[in-house]
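J.: Quick one: structure below, then a few questions.
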Amino acid sequence: MTLLLNVPAADTNQAESAGAVYHEDTSKWLLPDAAYGRLHEVQQWLAPEGYIVLSDNILIAESRAVCSHCGHTNLVIAIGSDFFFERDINERDEEVWVEQDFFALFHCLTYISDNLVGLLRDSYPHYRPAPPEEGKVYWYNHCTQCQQPMDDHRLMDVPGQTFHPRNSEEAATITLRTFQSKYAPLLDADYEVSQHPKLIAEFAARI
């Protein structure tokens, strides 16, 4: 689980002292997973929009959903992870990185790092930015027939819908597909700590 850093030449000594490693063969600065306890020290060399660092074993949840605009049945996806690191504010109003050691599916994504964007573009082109909503651009599934966005509320927030199973049988209709990424992706997104992600983690097929 190696994190790619954007370290300018003037900051190389500071980055090295913060646990970052320069790889001459790729000319890239990286933070090894053994140094993730020092994420706060390398935060300045991460994309400022990135509030969540995923595992490099990316989970893509796949299922089917009917478009509310045209009635076409589509493959739909959600990005997940068995654990992740999240930028947060502690009780002293300090920014900290917290390891979240549980499965989550993410929704209302407004930022995805380039390495994950490439995977989505190649494997799931229907999952892409939608027209702005109140000044924000969200990543949504799109109907492959009418091209309308299929927003996350319908897929994830309503019990019994695609990614909000109420029981093991509904969770078993979901497939979790694993993709290995060279570098850990970053997101800005929301997630829920509730029963339905636990059902997905336990009963969805993994491939």
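For the structure tokens, the naming scheme is as follows: chains receive sequential letters (A, B, ...) according to their order of presentation, residues are indexed from 1 within each chain, and ligands are indexed from 1 in presentation order.
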Within 10 Å of Ala47 (chain A), counting only C-alpha atoms, which residues show up once you throw out same-chain ones fewer than 6 positions away? Write them as a PyMOL selection string, please.

T.: chain A and resi 5-6+111-113+186-187

J.: Tell me, as a ChimeraX atom specification, which residues lie within 7 Å of Tyr183 (chain A), counting only C-alpha atoms; anything in the same chain fewer than 2 positions away does not count.

T.: /A:1-4,56,181,185

J.: Those residues you just picked out, can you put them in a file as a compact mmCIF listing (two decimals), in the first residue's frame with N, CA and C atoms?

T.:
# COMPACT_ATOMS: atom_id res chain seq x y z
N MET A 1 0.86 -1.20 0.00
CA MET A 1 0.00 0.00 0.00
C MET A 1 0.89 1.24 0.00
N THR A 2 1.37 1.59 -1.18
CA THR A 2 2.32 2.69 -1.33
C THR A 2 1.59 3.93 -1.85
N LEU A 3 1.88 5.07 -1.24
CA LEU A 3 1.19 6.31 -1.58
C LEU A 3 2.10 7.21 -2.39
N LEU A 4 1.61 7.68 -3.52
CA LEU A 4 2.38 8.56 -4.40
C LEU A 4 2.32 9.99 -3.87
N ASP A 56 -4.51 -0.28 -1.73
CA ASP A 56 -4.20 -0.46 -3.15
C ASP A 56 -4.89 -1.68 -3.74
N SER A 181 -3.89 -1.88 -7.58
CA SER A 181 -3.35 -0.61 -8.05
C SER A 181 -1.89 -0.47 -7.61
N PRO A 185 -5.08 4.85 -4.10
CA PRO A 185 -5.87 5.98 -4.60
C PRO A 185 -6.36 6.90 -3.46

J.: List every residue of region 5-179 of chain A that DSSP, applied to the backbone, labels as strand (DSSP E), and write the result as a PyMOL selection string.

T.: chain A and resi 5+21-23+28-31+52-54+57-66+73-81+84-89+95-100+104-112+127-129+139-142+149-150+175-179

J.: I'd like the contact shell of region 154-169 of chain A - 12 Å cut-off, only C-alpha atoms, skipping same-chain residues fewer than 6 positions apart - returned as number ranges by chain.

T.: A: 60-68, 73-80, 104-108, 140-142, 175-176, 190-192, 194-205

J.: DSSP says alpha helix (DSSP H) for which residues of region 14-195 of chain A? Put them as a ChimeraX atom specification?

T.: /A:14-17,39-42,114-123,152,168-171,195

J.: Considering only C-alpha atoms, can you say which of A:Ala171, A:Leu54, A:Leu31, A:Val42 comes closest to Val96 (chain A)?

T.: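 Closest to Val96 (chain A), using only C-alpha atoms: A:Val42.
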
J.: For Asn57 (chain A), which residue among A:Phe102, A:Trp97, A:Tyr138, A:Phe83 is the nearest when counting only C-alpha atoms?

T.: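 That would be A:Phe83, the residue with the smallest distance to Asn57 (chain A).
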
J.: Can you tell me, as a ChimeraX atom specification, what residues are no more than 9 Å from Arg87 (chain A) when counting only C-alpha atoms, ignoring any on the same chain fewer than 4 positions away?

T.: /A:40,50-53,95-98

J.: Go ahead and save the residues from that selection, with N, CA and C atoms, as a PDB file, in the first residue's frame.

T.:
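Output saved as part-v2.pdb:
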ATOM      1  N   HIS A  40       0.263  12.689   8.356  1.00  0.00           N
ATOM      2  CA  HIS A  40       0.096  14.131   8.615  1.00  0.00           C
ATOM      3  C   HIS A  40       1.348  14.918   8.229  1.00  0.00           C
ATOM      4  N   GLY A  50      -7.918  15.292  -1.493  1.00  0.00           N
ATOM      5  CA  GLY A  50      -7.936  13.906  -1.037  1.00  0.00           C
ATOM      6  C   GLY A  50      -8.100  13.786   0.467  1.00  0.00           C
ATOM      7  N   TYR A  51      -9.262  13.341   0.905  1.00  0.00           N
ATOM      8  CA  TYR A  51      -9.536  13.175   2.333  1.00  0.00           C
ATOM      9  C   TYR A  51      -9.516  11.709   2.761  1.00  0.00           C
ATOM     10  N   ILE A  52      -9.476  10.798   1.805  1.00  0.00           N
ATOM     11  CA  ILE A  52      -9.494   9.371   2.102  1.00  0.00           C
ATOM     12  C   ILE A  52      -8.412   8.692   1.266  1.00  0.00           C
ATOM     13  N   VAL A  53      -7.587   7.868   1.924  1.00  0.00           N
ATOM     14  CA  VAL A  53      -6.592   7.052   1.234  1.00  0.00           C
ATOM     15  C   VAL A  53      -7.078   5.609   1.281  1.00  0.00           C
ATOM     16  N   GLU A  95      -5.779  18.680  12.524  1.00  0.00           N
ATOM     17  CA  GLU A  95      -5.976  17.702  11.460  1.00  0.00           C
ATOM     18  C   GLU A  95      -5.165  16.450  11.750  1.00  0.00           C
ATOM     19  N   VAL A  96      -5.827  15.308  11.661  1.00  0.00           N
ATOM     20  CA  VAL A  96      -5.167  14.024  11.900  1.00  0.00           C
ATOM     21  C   VAL A  96      -5.630  13.037  10.830  1.00  0.00           C
ATOM     22  N   TRP A  97      -4.850  11.968  10.656  1.00  0.00           N
ATOM     23  CA  TRP A  97      -5.248  10.865   9.781  1.00  0.00           C
ATOM     24  C   TRP A  97      -5.586   9.678  10.648  1.00  0.00           C
ATOM     25  N   VAL A  98      -6.768   9.131  10.449  1.00  0.00           N
ATOM     26  CA  VAL A  98      -7.280   8.039  11.280  1.00  0.00           C
ATOM     27  C   VAL A  98      -7.442   6.795  10.421  1.00  0.00           C
TER      28      VAL A  98
END

J.: With distances taken over only C-alpha atoms, which of A:Glu41, A:Cys146, A:Cys70, A:Pro8 is nearest to Ala20 (chain A)?

T.: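 The closest residue to Ala20 (chain A) is A:Glu41.
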